Amino acid sequence: MRAILVLLVIVVLVGIAAISLGYVNVSQTRTAELPKIDVKGGAAPAFDVRTANVSVGQRNEVVAVPTVNVQKPR
């Protein structure tokens with residue numbers, strides 16, 4: 001299984017290299033077109049979601065912040 005995966009990766013890399021170096025030229029010959037689909041009716045799903053009430057506030061607090069002193073070794 002691993003050998004097949006490695007072989008596949010090598011083939012992809014060789015293909016990318018061939019295209020980027022100009023050995024393979026890929027040109028579009030026909031434009032893409034979406035299929036024509038006729039859709040009638042239907043409805044989007046409905047959900048009833050209840051969440052918790054969240055209140056955000058702020059208050060002033062005094063916090064002691066430690067000081068750091070760094071000294072170079074002599």
# chains A, B, ... in the order shown; residues from 1 in each chain; ligands from 1
$ select_by_dssp --residues "chain A" --states "alpha helix (DSSP H)" --output "NGL selection string"
:A and (2-21)
$ write_last_selection --atoms "all heavy atoms" --output "short mmCIF file (atom, residue, chain, number, x, y, z; two decimals), in the first residue's frame"
data_model
loop_
_atom_site.label_atom_id
_atom_site.label_comp_id
_atom_site.auth_asym_id
_atom_site.auth_seq_id
_atom_site.Cartn_x
_atom_site.Cartn_y
_atom_site.Cartn_z
N ARG A 2 1.92 1.23 0.82
CA ARG A 2 2.80 2.38 0.91
C ARG A 2 3.54 2.59 -0.41
O ARG A 2 3.76 3.71 -0.84
CB ARG A 2 3.80 2.18 2.05
CG ARG A 2 4.70 3.37 2.26
CD ARG A 2 5.60 3.19 3.43
NE ARG A 2 4.82 3.39 4.66
CZ ARG A 2 5.27 3.14 5.87
NH1 ARG A 2 6.47 2.65 6.04
NH2 ARG A 2 4.52 3.37 6.92
N ALA A 3 3.92 1.50 -1.08
CA ALA A 3 4.63 1.60 -2.36
C ALA A 3 3.75 2.24 -3.42
O ALA A 3 4.22 3.05 -4.23
CB ALA A 3 5.11 0.23 -2.81
N ILE A 4 2.48 1.91 -3.42
CA ILE A 4 1.54 2.49 -4.40
C ILE A 4 1.39 3.98 -4.14
O ILE A 4 1.36 4.79 -5.07
CB ILE A 4 0.18 1.77 -4.33
CG1 ILE A 4 0.33 0.32 -4.80
CG2 ILE A 4 -0.87 2.49 -5.16
CD1 ILE A 4 -0.91 -0.51 -4.61
N LEU A 5 1.32 4.37 -2.87
CA LEU A 5 1.19 5.78 -2.52
C LEU A 5 2.44 6.56 -2.94
O LEU A 5 2.34 7.66 -3.49
CB LEU A 5 0.94 5.93 -1.02
CG LEU A 5 0.71 7.34 -0.50
CD1 LEU A 5 -0.53 7.94 -1.15
CD2 LEU A 5 0.57 7.34 1.00
N VAL A 6 3.62 5.99 -2.69
CA VAL A 6 4.86 6.65 -3.09
C VAL A 6 4.93 6.78 -4.60
O VAL A 6 5.33 7.82 -5.14
CB VAL A 6 6.08 5.87 -2.53
CG1 VAL A 6 7.37 6.37 -3.14
CG2 VAL A 6 6.12 5.96 -1.02
N LEU A 7 4.54 5.73 -5.32
CA LEU A 7 4.53 5.77 -6.78
C LEU A 7 3.57 6.83 -7.30
O LEU A 7 3.88 7.58 -8.23
CB LEU A 7 4.17 4.40 -7.34
CG LEU A 7 4.19 4.25 -8.85
CD1 LEU A 7 5.60 4.48 -9.37
CD2 LEU A 7 3.69 2.89 -9.25
N LEU A 8 2.42 6.95 -6.69
CA LEU A 8 1.43 7.96 -7.09
C LEU A 8 1.98 9.37 -6.85
O LEU A 8 1.82 10.25 -7.70
CB LEU A 8 0.13 7.76 -6.33
CG LEU A 8 -1.01 8.72 -6.64
CD1 LEU A 8 -1.44 8.57 -8.09
CD2 LEU A 8 -2.17 8.49 -5.72
N VAL A 9 2.64 9.59 -5.72
CA VAL A 9 3.22 10.90 -5.43
C VAL A 9 4.30 11.24 -6.45
O VAL A 9 4.39 12.37 -6.94
CB VAL A 9 3.78 10.94 -3.99
CG1 VAL A 9 4.63 12.18 -3.76
CG2 VAL A 9 2.65 10.88 -2.99
N ILE A 10 5.12 10.26 -6.81
CA ILE A 10 6.18 10.49 -7.81
C ILE A 10 5.58 10.84 -9.16
O ILE A 10 6.04 11.76 -9.84
CB ILE A 10 7.10 9.26 -7.90
CG1 ILE A 10 7.92 9.13 -6.62
CG2 ILE A 10 8.01 9.35 -9.11
CD1 ILE A 10 8.71 7.86 -6.52
N VAL A 11 4.52 10.15 -9.56
CA VAL A 11 3.87 10.44 -10.84
C VAL A 11 3.29 11.85 -10.84
O VAL A 11 3.42 12.59 -11.83
CB VAL A 11 2.77 9.39 -11.14
CG1 VAL A 11 1.89 9.81 -12.30
CG2 VAL A 11 3.40 8.03 -11.41
N VAL A 12 2.68 12.27 -9.75
CA VAL A 12 2.11 13.61 -9.66
C VAL A 12 3.21 14.66 -9.73
O VAL A 12 3.09 15.67 -10.44
CB VAL A 12 1.27 13.77 -8.37
CG1 VAL A 12 0.92 15.21 -8.13
CG2 VAL A 12 0.03 12.91 -8.45
N LEU A 13 4.31 14.42 -9.02
CA LEU A 13 5.43 15.38 -9.05
C LEU A 13 6.05 15.47 -10.45
O LEU A 13 6.41 16.56 -10.90
CB LEU A 13 6.48 15.00 -8.02
CG LEU A 13 6.07 15.20 -6.56
CD1 LEU A 13 7.15 14.68 -5.63
CD2 LEU A 13 5.76 16.64 -6.28
N VAL A 14 6.18 14.34 -11.14
CA VAL A 14 6.72 14.36 -12.50
C VAL A 14 5.78 15.13 -13.43
O VAL A 14 6.21 15.91 -14.28
CB VAL A 14 6.98 12.93 -13.01
CG1 VAL A 14 7.24 12.90 -14.50
CG2 VAL A 14 8.13 12.30 -12.25
N GLY A 15 4.47 14.94 -13.25
CA GLY A 15 3.50 15.68 -14.06
C GLY A 15 3.56 17.17 -13.82
O GLY A 15 3.53 17.98 -14.76
N ILE A 16 3.69 17.57 -12.57
CA ILE A 16 3.80 19.00 -12.25
C ILE A 16 5.08 19.58 -12.83
O ILE A 16 5.08 20.68 -13.40
CB ILE A 16 3.73 19.21 -10.73
CG1 ILE A 16 2.34 18.89 -10.20
CG2 ILE A 16 4.13 20.63 -10.34
CD1 ILE A 16 2.22 18.86 -8.70
N ALA A 17 6.18 18.83 -12.73
CA ALA A 17 7.45 19.31 -13.28
C ALA A 17 7.37 19.42 -14.80
O ALA A 17 7.88 20.38 -15.38
CB ALA A 17 8.58 18.37 -12.87
N ALA A 18 6.74 18.46 -15.46
CA ALA A 18 6.63 18.50 -16.91
C ALA A 18 5.81 19.70 -17.37
O ALA A 18 6.16 20.37 -18.35
CB ALA A 18 6.00 17.21 -17.43
N ILE A 19 4.74 20.02 -16.68
CA ILE A 19 3.92 21.18 -17.06
C ILE A 19 4.67 22.47 -16.79
O ILE A 19 4.68 23.39 -17.61
CB ILE A 19 2.57 21.14 -16.30
CG1 ILE A 19 1.72 19.98 -16.81
CG2 ILE A 19 1.82 22.46 -16.45
CD1 ILE A 19 0.46 19.74 -16.02
N SER A 20 5.34 22.56 -15.63
CA SER A 20 6.01 23.82 -15.28
C SER A 20 7.24 24.07 -16.14
O SER A 20 7.61 25.21 -16.38
CB SER A 20 6.40 23.82 -13.80
OG SER A 20 7.36 22.82 -13.56
N LEU A 21 7.90 23.03 -16.63
CA LEU A 21 9.08 23.20 -17.47
C LEU A 21 8.73 23.34 -18.95
O LEU A 21 9.61 23.55 -19.77
CB LEU A 21 10.05 22.04 -17.27
CG LEU A 21 10.68 21.97 -15.88
CD1 LEU A 21 11.51 20.70 -15.74
CD2 LEU A 21 11.53 23.20 -15.61
#
